[in-house]
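Note: the block below is protein.txt and it holds compact mmCIF, C-alpha atoms and all ligand atoms.
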# COMPACT_ATOMS: atom_id res chain seq x y z
CA MET A 1 -78.48 -14.28 261.61
CA CYS A 2 -77.52 -13.47 258.10
CA ALA A 3 -77.48 -9.82 257.06
CA ASP A 4 -78.19 -10.64 253.42
CA PRO A 5 -81.93 -9.99 252.86
CA LEU A 6 -82.24 -12.88 250.40
CA ARG A 7 -80.81 -15.50 252.77
CA ARG A 8 -82.72 -14.00 255.69
CA PHE A 9 -85.97 -14.37 253.73
CA LEU A 10 -85.15 -17.99 252.87
CA ASP A 11 -84.17 -18.84 256.45
CA GLU A 12 -87.21 -17.20 258.01
CA ARG A 13 -89.92 -18.10 255.48
CA ASP A 14 -88.46 -21.44 254.50
CA PRO A 15 -90.36 -21.64 251.17
CA PRO A 16 -90.44 -24.97 249.30
CA THR A 17 -87.37 -25.53 247.14
CA PRO A 18 -86.25 -24.96 244.54
CA CYS A 19 -86.94 -21.25 244.46
CA LEU A 20 -85.43 -17.99 243.33
CA VAL A 21 -85.37 -14.85 245.48
CA VAL A 22 -84.67 -11.49 243.87
CA ASP A 23 -83.86 -8.22 245.61
CA THR A 24 -85.57 -5.50 243.58
CA ASP A 25 -83.63 -2.78 245.42
CA ALA A 26 -80.43 -4.39 244.12
CA VAL A 27 -81.88 -4.43 240.60
CA ALA A 28 -82.65 -0.70 240.80
CA ALA A 29 -79.18 0.03 242.21
CA ARG A 30 -77.56 -1.91 239.39
CA ALA A 31 -79.64 0.01 236.85
CA ARG A 32 -78.31 3.28 238.27
CA GLU A 33 -74.74 1.93 237.96
CA VAL A 34 -75.30 0.95 234.33
CA ARG A 35 -76.74 4.37 233.53
CA ALA A 36 -73.79 6.08 235.24
CA ALA A 37 -71.26 3.91 233.37
CA PHE A 38 -72.81 4.82 230.00
CA PRO A 39 -73.98 8.43 230.30
CA GLY A 40 -76.24 9.50 227.45
CA ALA A 41 -76.82 5.97 226.15
CA LEU A 42 -80.35 4.59 225.81
CA ILE A 43 -80.51 1.52 228.07
CA ARG A 44 -83.00 -1.17 227.06
CA TYR A 45 -83.21 -4.08 229.53
CA ALA A 46 -83.42 -7.45 227.73
CA VAL A 47 -86.64 -8.71 229.34
CA LYS A 48 -85.89 -12.38 228.66
CA ALA A 49 -83.20 -12.38 231.37
CA ASN A 50 -85.86 -12.08 234.07
CA PRO A 51 -89.40 -10.96 233.21
CA ALA A 52 -90.80 -10.97 236.79
CA PRO A 53 -93.14 -7.95 237.02
CA PRO A 54 -91.47 -6.57 240.20
CA VAL A 55 -88.10 -6.66 238.39
CA LEU A 56 -89.61 -4.70 235.50
CA ASP A 57 -91.19 -2.24 237.96
CA ALA A 58 -87.80 -1.58 239.60
CA LEU A 59 -86.24 -0.94 236.19
CA VAL A 60 -89.09 1.33 235.08
CA ALA A 61 -88.57 3.34 238.26
CA ALA A 62 -84.85 3.55 237.46
CA GLY A 63 -85.71 5.08 234.08
CA LEU A 64 -84.74 2.21 231.81
CA GLY A 65 -86.37 1.14 228.57
CA PHE A 66 -86.89 -2.46 227.48
CA ASP A 67 -85.74 -4.80 224.73
CA VAL A 68 -88.48 -7.29 223.94
CA ALA A 69 -88.24 -10.58 222.06
CA GLY A 70 -91.85 -10.79 220.95
CA PRO A 71 -95.49 -9.79 221.50
CA ALA A 72 -95.87 -11.34 224.96
CA GLU A 73 -92.89 -9.47 226.46
CA LEU A 74 -94.07 -6.34 224.67
CA ALA A 75 -97.55 -6.57 226.20
CA LEU A 76 -96.01 -7.30 229.61
CA CYS A 77 -93.94 -4.11 229.44
CA LEU A 78 -96.90 -2.00 228.36
CA ASP A 79 -98.88 -3.49 231.26
CA ARG A 80 -96.14 -2.26 233.62
CA GLY A 81 -96.61 1.27 232.29
CA VAL A 82 -93.67 1.42 229.88
CA ALA A 83 -94.13 3.98 227.09
CA PRO A 84 -93.91 2.48 223.57
CA ALA A 85 -91.08 4.91 222.79
CA ASP A 86 -89.00 3.15 225.47
CA LEU A 87 -89.38 -0.26 223.81
CA ALA A 88 -87.11 -1.88 221.23
CA TYR A 89 -88.05 -5.09 219.40
CA GLY A 90 -84.54 -6.56 219.31
CA ASN A 91 -85.25 -10.09 218.09
CA PRO A 92 -84.25 -10.44 214.42
CA ILE A 93 -86.50 -13.52 214.12
CA LYS A 94 -90.11 -12.35 214.01
CA LYS A 95 -93.34 -13.04 212.17
CA PRO A 96 -94.83 -10.32 209.97
CA ARG A 97 -97.96 -10.34 212.16
CA ASP A 98 -95.82 -9.81 215.27
CA ILE A 99 -94.16 -6.81 213.59
CA ALA A 100 -97.61 -5.45 212.77
CA TYR A 101 -98.76 -6.01 216.36
CA ALA A 102 -95.70 -4.19 217.74
CA PHE A 103 -96.16 -1.30 215.33
CA GLY A 104 -99.83 -1.11 216.27
CA ARG A 105 -98.87 -0.83 219.94
CA GLY A 106 -96.52 2.05 219.14
CA VAL A 107 -93.10 0.38 218.82
CA ARG A 108 -90.85 2.16 216.31
CA GLU A 109 -87.48 0.57 217.06
CA PHE A 110 -86.46 -2.80 215.59
CA THR A 111 -83.40 -4.91 214.82
CA SER A 112 -83.00 -6.95 211.65
CA ASP A 113 -80.38 -9.09 209.96
CA ALA A 114 -82.02 -10.50 206.83
CA ALA A 115 -83.44 -9.06 203.61
CA ALA A 116 -86.86 -10.68 204.03
CA ASP A 117 -87.22 -9.24 207.53
CA VAL A 118 -86.29 -5.75 206.28
CA GLU A 119 -89.07 -6.12 203.69
CA HIS A 120 -91.51 -7.20 206.42
CA LEU A 121 -90.53 -4.18 208.51
CA ALA A 122 -91.02 -1.80 205.60
CA ALA A 123 -94.47 -3.30 205.00
CA HIS A 124 -95.70 -3.56 208.61
CA ALA A 125 -93.70 -0.94 210.53
CA PRO A 126 -93.22 1.84 207.96
CA GLY A 127 -90.79 4.61 208.82
CA SER A 128 -89.41 2.79 211.87
CA ALA A 129 -85.81 2.79 213.06
CA VAL A 130 -84.14 -0.52 212.19
CA SER A 131 -80.68 -1.46 213.37
CA ILE A 132 -78.98 -3.97 211.09
CA ARG A 133 -77.25 -6.60 213.19
CA VAL A 134 -73.77 -7.35 211.96
CA LEU A 135 -71.85 -10.55 212.65
CA LEU A 136 -68.47 -9.96 214.28
CA ASP A 137 -65.16 -11.69 214.03
CA ALA A 138 -64.79 -11.36 217.80
CA PRO A 139 -63.80 -13.76 220.60
CA ASP A 140 -66.49 -16.23 221.69
CA SER A 141 -68.41 -15.48 224.85
CA VAL A 142 -69.29 -18.14 227.42
CA THR A 143 -72.70 -18.64 225.78
CA PRO A 144 -72.05 -17.58 222.16
CA PHE A 145 -74.76 -17.07 219.53
CA GLY A 146 -72.77 -18.92 216.86
CA ARG A 147 -73.94 -17.97 213.39
CA LYS A 148 -77.64 -17.83 214.20
CA PHE A 149 -77.79 -14.02 214.15
CA GLY A 150 -76.19 -11.18 212.26
CA CYS A 151 -75.00 -10.80 208.69
CA GLU A 152 -71.55 -10.28 207.26
CA PRO A 153 -70.52 -6.60 206.99
CA ALA A 154 -70.92 -6.54 203.17
CA GLU A 155 -74.48 -7.82 203.45
CA ALA A 156 -75.14 -5.45 206.36
CA LEU A 157 -74.29 -2.51 204.09
CA ASP A 158 -76.73 -3.81 201.47
CA LEU A 159 -79.45 -4.10 204.11
CA VAL A 160 -78.75 -0.58 205.41
CA LEU A 161 -79.12 0.83 201.89
CA ARG A 162 -82.20 -1.31 201.22
CA ALA A 163 -83.81 -0.21 204.51
CA ALA A 164 -83.18 3.46 203.71
CA ALA A 165 -84.60 3.04 200.21
CA LEU A 166 -87.75 1.52 201.75
CA GLY A 167 -88.24 4.51 204.05
CA LEU A 168 -86.90 2.90 207.21
CA ARG A 169 -84.28 4.65 209.38
CA PRO A 170 -81.24 2.35 209.44
CA GLY A 171 -78.59 2.03 212.14
CA ILE A 172 -76.14 -0.70 213.15
CA ALA A 173 -76.40 -3.27 215.94
CA PHE A 174 -74.15 -6.03 217.21
CA HIS A 175 -74.16 -8.45 220.12
CA VAL A 176 -70.87 -9.87 221.29
CA GLY A 177 -72.50 -12.97 222.85
CA SER A 178 -73.85 -13.36 226.34
CA GLN A 179 -71.48 -13.59 229.35
CA GLN A 180 -68.67 -12.02 227.30
CA PRO A 181 -65.60 -11.69 229.53
CA ASP A 182 -63.51 -9.78 226.96
CA PRO A 183 -64.26 -6.03 226.66
CA GLY A 184 -62.11 -6.08 223.51
CA ALA A 185 -65.04 -7.74 221.72
CA TRP A 186 -66.90 -4.39 221.77
CA GLU A 187 -63.90 -2.65 220.25
CA ILE A 188 -64.16 -5.04 217.27
CA GLY A 189 -67.88 -4.34 217.03
CA ILE A 190 -67.40 -0.58 217.17
CA ALA A 191 -64.65 -0.68 214.52
CA THR A 192 -66.89 -2.79 212.25
CA ALA A 193 -69.82 -0.43 212.81
CA ALA A 194 -67.75 2.71 212.16
CA LYS A 195 -66.69 1.31 208.82
CA LEU A 196 -70.31 0.65 207.90
CA PHE A 197 -71.34 4.16 208.99
CA ALA A 198 -68.67 5.61 206.67
CA GLU A 199 -69.56 3.34 203.76
CA ALA A 200 -73.26 4.15 204.06
CA ALA A 201 -72.51 7.88 204.31
CA ALA A 202 -70.45 7.63 201.12
CA GLN A 203 -73.61 6.30 199.45
CA GLY A 204 -75.77 9.08 200.82
CA VAL A 205 -77.28 7.29 203.83
CA ALA A 206 -76.57 9.03 207.14
CA MET A 207 -76.92 6.73 210.16
CA THR A 208 -77.04 7.90 213.77
CA ARG A 209 -77.94 4.87 215.90
CA LEU A 210 -75.42 2.32 217.15
CA ASN A 211 -76.78 -0.52 219.28
CA LEU A 212 -74.01 -2.18 221.33
CA GLY A 213 -76.26 -5.05 222.48
CA GLY A 214 -75.77 -6.78 225.80
CA GLY A 215 -73.30 -9.42 226.89
CA PHE A 216 -71.73 -7.87 229.99
CA ALA A 217 -70.59 -10.73 232.18
CA THR A 218 -71.31 -11.43 235.84
CA THR A 219 -69.22 -13.33 238.36
CA HIS A 220 -69.83 -16.99 239.09
CA ARG A 221 -66.74 -19.05 239.90
CA THR A 222 -64.32 -16.88 237.91
CA ALA A 223 -64.05 -13.12 238.25
CA VAL A 224 -65.05 -10.97 235.27
CA PRO A 225 -64.24 -7.34 234.43
CA ALA A 226 -66.15 -4.65 236.31
CA LEU A 227 -68.75 -2.64 234.42
CA ASP A 228 -66.39 0.35 234.41
CA ALA A 229 -63.76 -1.67 232.54
CA TYR A 230 -66.26 -2.47 229.78
CA ALA A 231 -67.36 1.18 229.72
CA ALA A 232 -63.76 2.44 229.45
CA THR A 233 -62.96 0.13 226.52
CA ILE A 234 -66.18 1.14 224.76
CA ALA A 235 -65.57 4.88 225.29
CA SER A 236 -62.05 4.70 223.96
CA ALA A 237 -63.10 2.57 220.96
CA LEU A 238 -65.79 5.13 220.10
CA ASP A 239 -63.20 7.93 220.27
CA THR A 240 -60.81 5.96 218.09
CA HIS A 241 -63.20 4.77 215.42
CA PHE A 242 -65.78 7.58 215.28
CA ALA A 243 -63.43 10.51 214.81
CA GLY A 244 -66.17 12.92 213.76
CA GLU A 245 -69.70 12.85 215.11
CA GLN A 246 -70.38 10.23 217.82
CA PRO A 247 -73.31 7.88 217.17
CA GLU A 248 -76.35 7.80 219.42
CA LEU A 249 -75.82 4.74 221.62
CA MET A 250 -78.25 2.06 222.66
CA LEU A 251 -77.42 -0.81 225.02
CA GLU A 252 -79.50 -3.94 225.68
CA PRO A 253 -78.04 -5.49 228.82
CA GLY A 254 -79.92 -8.35 230.44
CA ARG A 255 -77.75 -10.49 232.67
CA VAL A 256 -75.69 -7.71 234.26
CA LEU A 257 -78.81 -5.95 235.56
CA VAL A 258 -80.37 -8.89 237.38
CA ALA A 259 -77.93 -11.77 237.93
CA ASP A 260 -76.35 -10.51 241.15
CA ALA A 261 -79.73 -9.54 242.58
CA GLY A 262 -80.90 -13.17 242.67
CA LEU A 263 -80.26 -16.22 244.83
CA LEU A 264 -81.47 -19.77 244.17
CA ARG A 265 -81.98 -22.28 246.95
CA THR A 266 -82.06 -25.99 246.23
CA GLU A 267 -82.35 -29.16 248.30
CA VAL A 268 -80.35 -32.35 247.99
CA VAL A 269 -82.66 -35.19 246.86
CA LEU A 270 -80.16 -38.03 246.87
CA VAL A 271 -76.46 -38.74 247.21
CA ALA A 272 -75.22 -41.93 245.53
CA GLN A 273 -71.80 -43.49 245.01
CA ARG A 274 -71.58 -44.73 241.40
CA GLY A 275 -68.27 -46.41 240.79
CA GLU A 276 -65.55 -43.90 241.53
CA ARG A 277 -67.80 -40.92 241.60
CA ARG A 278 -70.16 -39.41 244.16
CA TRP A 279 -73.32 -38.16 242.50
CA VAL A 280 -75.34 -35.42 244.18
CA TYR A 281 -78.89 -35.10 242.82
CA LEU A 282 -80.58 -31.77 243.47
CA ASP A 283 -84.21 -30.68 243.16
CA LEU A 284 -82.90 -28.07 240.67
CA GLY A 285 -81.67 -29.05 237.22
CA ARG A 286 -81.45 -28.02 233.62
CA TYR A 287 -85.21 -28.05 233.08
CA ASN A 288 -86.31 -26.06 236.13
CA GLY A 289 -83.83 -23.21 236.36
CA LEU A 290 -80.30 -24.14 235.36
CA ALA A 291 -80.67 -24.24 231.56
CA GLU A 292 -77.42 -22.32 231.26
CA ALA A 293 -75.54 -25.28 232.71
CA GLU A 294 -75.93 -26.77 229.21
CA ASN A 295 -72.46 -27.76 228.00
CA GLU A 296 -71.35 -26.72 231.51
CA ALA A 297 -71.10 -23.20 230.04
CA ILE A 298 -72.06 -21.31 233.17
CA ALA A 299 -70.57 -22.90 236.29
CA TYR A 300 -72.63 -21.65 239.22
CA ARG A 301 -71.42 -21.44 242.80
CA PHE A 302 -73.05 -23.93 245.20
CA GLU A 303 -72.85 -22.91 248.85
CA PRO A 304 -74.01 -25.40 251.48
CA VAL A 305 -76.52 -23.86 253.88
CA THR A 306 -76.99 -26.64 256.37
CA THR A 307 -73.65 -28.47 256.40
CA PRO A 308 -71.04 -25.76 256.06
CA GLY A 309 -68.12 -27.53 257.75
CA GLY A 310 -66.15 -30.76 257.47
CA PRO A 311 -64.00 -32.29 254.77
CA ARG A 312 -65.03 -31.99 251.14
CA GLY A 313 -64.71 -34.27 248.16
CA PRO A 314 -65.40 -34.23 244.41
CA VAL A 315 -68.96 -34.64 243.15
CA VAL A 316 -70.97 -34.90 239.98
CA LEU A 317 -73.99 -32.59 240.18
CA ALA A 318 -77.26 -33.60 238.53
CA GLY A 319 -80.88 -32.46 238.35
CA PRO A 320 -84.01 -34.30 239.48
CA THR A 321 -85.75 -35.27 236.22
CA CYS A 322 -85.88 -38.60 234.37
CA ASP A 323 -83.81 -37.18 231.52
CA GLY A 324 -80.29 -38.38 230.82
CA ASP A 325 -79.22 -34.88 229.83
CA ASP A 326 -80.35 -33.41 233.14
CA VAL A 327 -76.79 -33.56 234.46
CA LEU A 328 -75.30 -30.24 235.53
CA TYR A 329 -71.57 -30.81 235.93
CA GLN A 330 -69.54 -33.95 235.33
CA ARG A 331 -66.41 -32.35 233.82
CA THR A 332 -66.27 -29.11 235.78
CA PRO A 333 -64.68 -29.96 239.13
CA TYR A 334 -66.91 -29.35 242.15
CA GLU A 335 -66.22 -30.29 245.76
CA LEU A 336 -68.94 -30.47 248.40
CA PRO A 337 -68.91 -31.63 252.05
CA LEU A 338 -68.66 -35.42 252.39
CA SER A 339 -71.39 -35.19 255.03
CA LEU A 340 -73.85 -33.69 252.52
CA THR A 341 -77.05 -35.71 252.54
CA THR A 342 -80.72 -35.82 251.56
CA GLY A 343 -82.59 -32.72 252.72
CA ASP A 344 -79.53 -30.47 252.97
CA ARG A 345 -79.82 -27.12 251.28
CA LEU A 346 -77.48 -25.31 248.89
CA ASP A 347 -77.56 -21.66 247.81
CA LEU A 348 -76.55 -20.48 244.35
CA PRO A 349 -75.67 -16.77 244.40
CA GLY A 350 -75.74 -14.55 241.34
CA THR A 351 -78.63 -16.46 239.70
CA GLY A 352 -81.18 -13.71 238.99
CA ALA A 353 -80.68 -13.97 235.21
CA TYR A 354 -81.74 -16.72 232.79
CA THR A 355 -82.96 -19.10 235.49
CA ALA A 356 -86.71 -18.73 236.15
CA SER A 357 -87.31 -17.50 232.60
CA TYR A 358 -85.74 -20.67 231.20
CA ALA A 359 -87.62 -23.17 233.38
CA SER A 360 -90.01 -25.64 231.72
CA VAL A 361 -93.70 -25.47 232.59
CA GLY A 362 -94.13 -28.99 233.88
CA PHE A 363 -91.60 -31.51 232.66
CA ASN A 364 -91.83 -34.52 235.00
CA GLY A 365 -94.64 -32.63 236.76
CA ILE A 366 -92.18 -30.14 238.19
CA GLU A 367 -93.70 -26.68 238.37
CA PRO A 368 -91.97 -23.63 236.90
CA LEU A 369 -89.35 -22.15 239.21
CA ARG A 370 -91.00 -20.01 241.88
CA THR A 371 -89.69 -16.44 242.16
CA TYR A 372 -90.09 -14.32 245.29
CA CYS A 373 -89.26 -10.64 244.84
CA LEU A 374 -88.18 -8.64 247.87
CA GLY A 375 -87.48 -4.96 248.45
CA ARG A 376 -89.35 -1.83 247.48
CA TRP A 377 -90.98 -3.33 244.36
CA GLY A 378 -91.29 -6.81 245.86
CA ASP A 379 -94.29 -9.13 245.99
CA ALA A 380 -93.26 -11.56 248.73
C1 LIG B 401 -80.33 -11.80 225.03
C2 LIG B 401 -80.15 -10.51 224.33
C3 LIG B 401 -79.63 -9.41 225.02
C4 LIG B 401 -79.15 -9.49 226.44
O1 LIG B 401 -77.93 -10.14 226.54
P1 LIG B 401 -77.18 -10.25 227.95
O2 LIG B 401 -76.03 -11.12 227.66
O3 LIG B 401 -78.12 -10.82 228.93
O4 LIG B 401 -76.77 -8.86 228.34
C5 LIG B 401 -79.56 -8.22 224.35
N1 LIG B 401 -79.96 -8.09 223.07
C6 LIG B 401 -80.46 -9.12 222.37
C7 LIG B 401 -80.90 -8.92 220.96
C8 LIG B 401 -80.56 -10.37 222.97
O5 LIG B 401 -81.04 -11.39 222.28
What does this structure look like when you write it as structure tokens?
Amino acid sequence: MCADPLRRFLDERDPPTPCLVVDTDAVAARAREVRAAFPGALIRYAVKANPAPPVLDALVAAGLGFDVAGPAELALCLDRGVAPADLAYGNPIKKPRDIAYAFGRGVREFTSDAAADVEHLAAHAPGSAVSIRVLLDAPDSVTPFGRKFGCEPAEALDLVLRAAALGLRPGIAFHVGSQQPDPGAWEIGIATAAKLFAEAAAQGVAMTRLNLGGGFATTHRTAVPALDAYAATIASALDTHFAGEQPELMLEPGRVLVADAGLLRTEVVLVAQRGERRWVYLDLGRYNGLAEAENEAIAYRFEPVTTPGGPRGPVVLAGPTCDGDDVLYQRTPYELPLSLTTGDRLDLPGTGAYTASYASVGFNGIEPLRTYCLGRWGDA
């Protein structure tokens, strides 16, 4: 029998596949590790990574705050008993009425990266803290944001000054991109932020808040730095670039808090030889849990449950829907047992983040990915 509580649950209960199982005790333990790695920092879990209520409950119990992308996540957090002071509205793209709603529910912490949004904040969330998100010249992460978010440092300074003039309390934010394997990216962000702090101070605007975003990577097929390695780089960059007073830190990790606490189980629908290649079609694809396989960015591990032995050979992995883009991996090399056949099961470890929350609601009639939460805060 398997000691791992997630696999034991799947083996004993045998729920229909595909499904995600999350260990809420592991989520809480990870939250304590993140807090210990960044003592004194405000930690705001990015809810979009996994908004399952038991996951939120475990993080509330661990003393974390929450980074919400919009009104629905905000209301969800308040429903779980989160105090408005522990919420940050970190999405730079928001409607004026959503700002007003958040302000009305007590949120006083926002992120912005455009002049019009700063104006909206001044009008609908007067006096709030607003971190101006700056675009970095830093290495790409595995799932980079491109140029969608953040403004160039010169524009960031203008927005800081504008925000202060409008009665908002400006700070600086950056996000190095999700699944960022290079801790050096934060050093670039901290150096950029320190320069902006000094330039704003020279113009009479004292900032205190520095939001380091999320982006900490988790292990799939390739190892990534441990949390402590990120923390060490960040601590030394703060010492180097903020010689005088240290800023008040905020972090918005998503993935690193929940990925390793989750396990997906999928079933083989069909195996077909197509020319030279063996195609394995799963009941799990890009539209019902593996959205981050887009561009083969995140290469998950697939561990056979029912046919562990025997020789292996190369495969193309694809999802179950009638969509030509619902192919998971055709360039990334994968090998699976040659005996693998319809009805066999595969487990994908480390899949607690950005899986269930990215699943469509009914494309091809496939229901959203089922999540079972185990452990102290569990519901299964
Ligand atoms: C998605 C997101 C995060 C979380 O990023 P991770 O890579 O999951 O840590 C944090 N902040 C903002 C603004 C985000 O959009």
Using all atoms listed in the file, which residue out of A:Arg301, A:Arg209, A:Arg312, A:Lys94 lies closest to Ala194 of chain A? A:Arg209
Nearest to Pro54 of chain A among A:Asn295, A:Thr341, A:Thr192, A:Thr371, with distances taken over only C-alpha atoms: which residue is it?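 Among A:Asn295, A:Thr341, A:Thr192, A:Thr371, it is A:Thr371 that comes nearest to Pro54 of chain A.
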Sorted by chain and rising residue number, list the residues of chain A at most 9 Å from ligand LIG 401 (chain B) (counting all atoms listed in the file), each with its closest atom pair and distance in Å to one decimal, as a tab-separated table.
residue	atom	partner	partner_atom	distance
A:Arg44	CA	B:LIG401	C5	8.3
A:Tyr45	CA	B:LIG401	C4	7.4
A:Ala46	CA	B:LIG401	C4	4.9
A:Val47	CA	B:LIG401	C4	8.1
A:Lys48	CA	B:LIG401	C1	6.7
A:Ala49	CA	B:LIG401	O3	5.8
A:Asp67	CA	B:LIG401	N1	6.9
A:Val68	CA	B:LIG401	C7	8.3
A:Ala69	CA	B:LIG401	O5	7.2
A:Tyr89	CA	B:LIG401	C7	8.3
A:Gly90	CA	B:LIG401	C7	4.6
A:Asn91	CA	B:LIG401	C7	5.3
A:Pro92	CA	B:LIG401	C7	7.5
A:Thr111	CA	B:LIG401	C7	7.7
A:Arg133	CA	B:LIG401	C7	8.9
A:Thr143	CA	B:LIG401	O2	8.4
A:Phe145	CA	B:LIG401	O5	8.9
A:Ala173	CA	B:LIG401	C7	8.8
A:Phe174	CA	B:LIG401	C7	8.2
A:His175	CA	B:LIG401	N1	6.5
A:Val176	CA	B:LIG401	O2	8.3
A:Gly177	CA	B:LIG401	O2	6.2
A:Ser178	CA	B:LIG401	O2	3.4
A:Gln179	CA	B:LIG401	O2	5.4
A:Gln180	CA	B:LIG401	O2	7.4
A:Leu212	CA	B:LIG401	N1	8.6
A:Gly213	CA	B:LIG401	N1	4.8
A:Gly214	CA	B:LIG401	O4	3.4
A:Gly215	CA	B:LIG401	O2	3.3
A:Phe216	CA	B:LIG401	O4	5.4
A:Ala217	CA	B:LIG401	O2	7.1
A:Leu251	CA	B:LIG401	C5	7.7
A:Glu252	CA	B:LIG401	C5	4.5
A:Pro253	CA	B:LIG401	O4	3.6
A:Gly254	CA	B:LIG401	O3	3.4
A:Arg255	CA	B:LIG401	O3	3.8
A:Val256	CA	B:LIG401	O4	6.1
A:Leu257	CA	B:LIG401	O4	8.0
A:Val258	CA	B:LIG401	O3	9.0
A:Ala353	CA	B:LIG401	O3	7.5
A:Tyr354	CA	B:LIG401	O3	7.9
Would you pick out the contacts of segment 201-206 of chain A at 9 Å or less, using all atoms listed in the file, so that residues sharing its chain but fewer than 2 positions from it are not included, and give the list as a list in words?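 That gives Val160, Leu161, Ala164, Pro170, Gly171, Leu196, Phe197, Ala198, Glu199 and Thr208 of chain A.
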Any chance you could export the current selection's C-alpha atoms as a PDB file, in the coordinates of the input?
ATOM      1  CA  VAL A 160     -78.750  -0.580 205.410  1.00  0.00           C
ATOM      2  CA  LEU A 161     -79.120   0.830 201.890  1.00  0.00           C
ATOM      3  CA  ALA A 164     -83.180   3.460 203.710  1.00  0.00           C
ATOM      4  CA  PRO A 170     -81.240   2.350 209.440  1.00  0.00           C
ATOM      5  CA  GLY A 171     -78.590   2.030 212.140  1.00  0.00           C
ATOM      6  CA  LEU A 196     -70.310   0.650 207.900  1.00  0.00           C
ATOM      7  CA  PHE A 197     -71.340   4.160 208.990  1.00  0.00           C
ATOM      8  CA  ALA A 198     -68.670   5.610 206.670  1.00  0.00           C
ATOM      9  CA  GLU A 199     -69.560   3.340 203.760  1.00  0.00           C
ATOM     10  CA  THR A 208     -77.040   7.900 213.770  1.00  0.00           C
TER      11      THR A 208
END
For Asp98 of chain A, work out the shell of residues within 12 Å, counting all atoms listed in the file and skipping chain neighbours fewer than 6 positions away, then give it as a list in words.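 My list of contacting residues is Val68, Ala69, Gly70, Pro71, Ala72, Glu73, Leu74, Ala75, Tyr89, Asn91, Pro92, Gly104, Arg105, Val107, Phe110, Asp117, His120, Leu121, His124 and Ala125 of chain A.
One finds atom CA of Leu338 of chain A at 8.7 Å from atom CA of Pro314 of chain A.
Nearest residue to Leu227 of chain A, choosing from A:Ala116, A:Cys373, A:Ala36, A:Ala123 and counting only C-alpha atoms: A:Ala36.
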Determine, counting all atoms listed in the file, which protein, DNA and RNA residues have an atom within 9 Å of an atom of Ala62 of chain A; residues of the same chain fewer than 2 positions away are not included. Present the result as a PyMOL selection string. chain A and resi 28-29+31-32+57-60+64
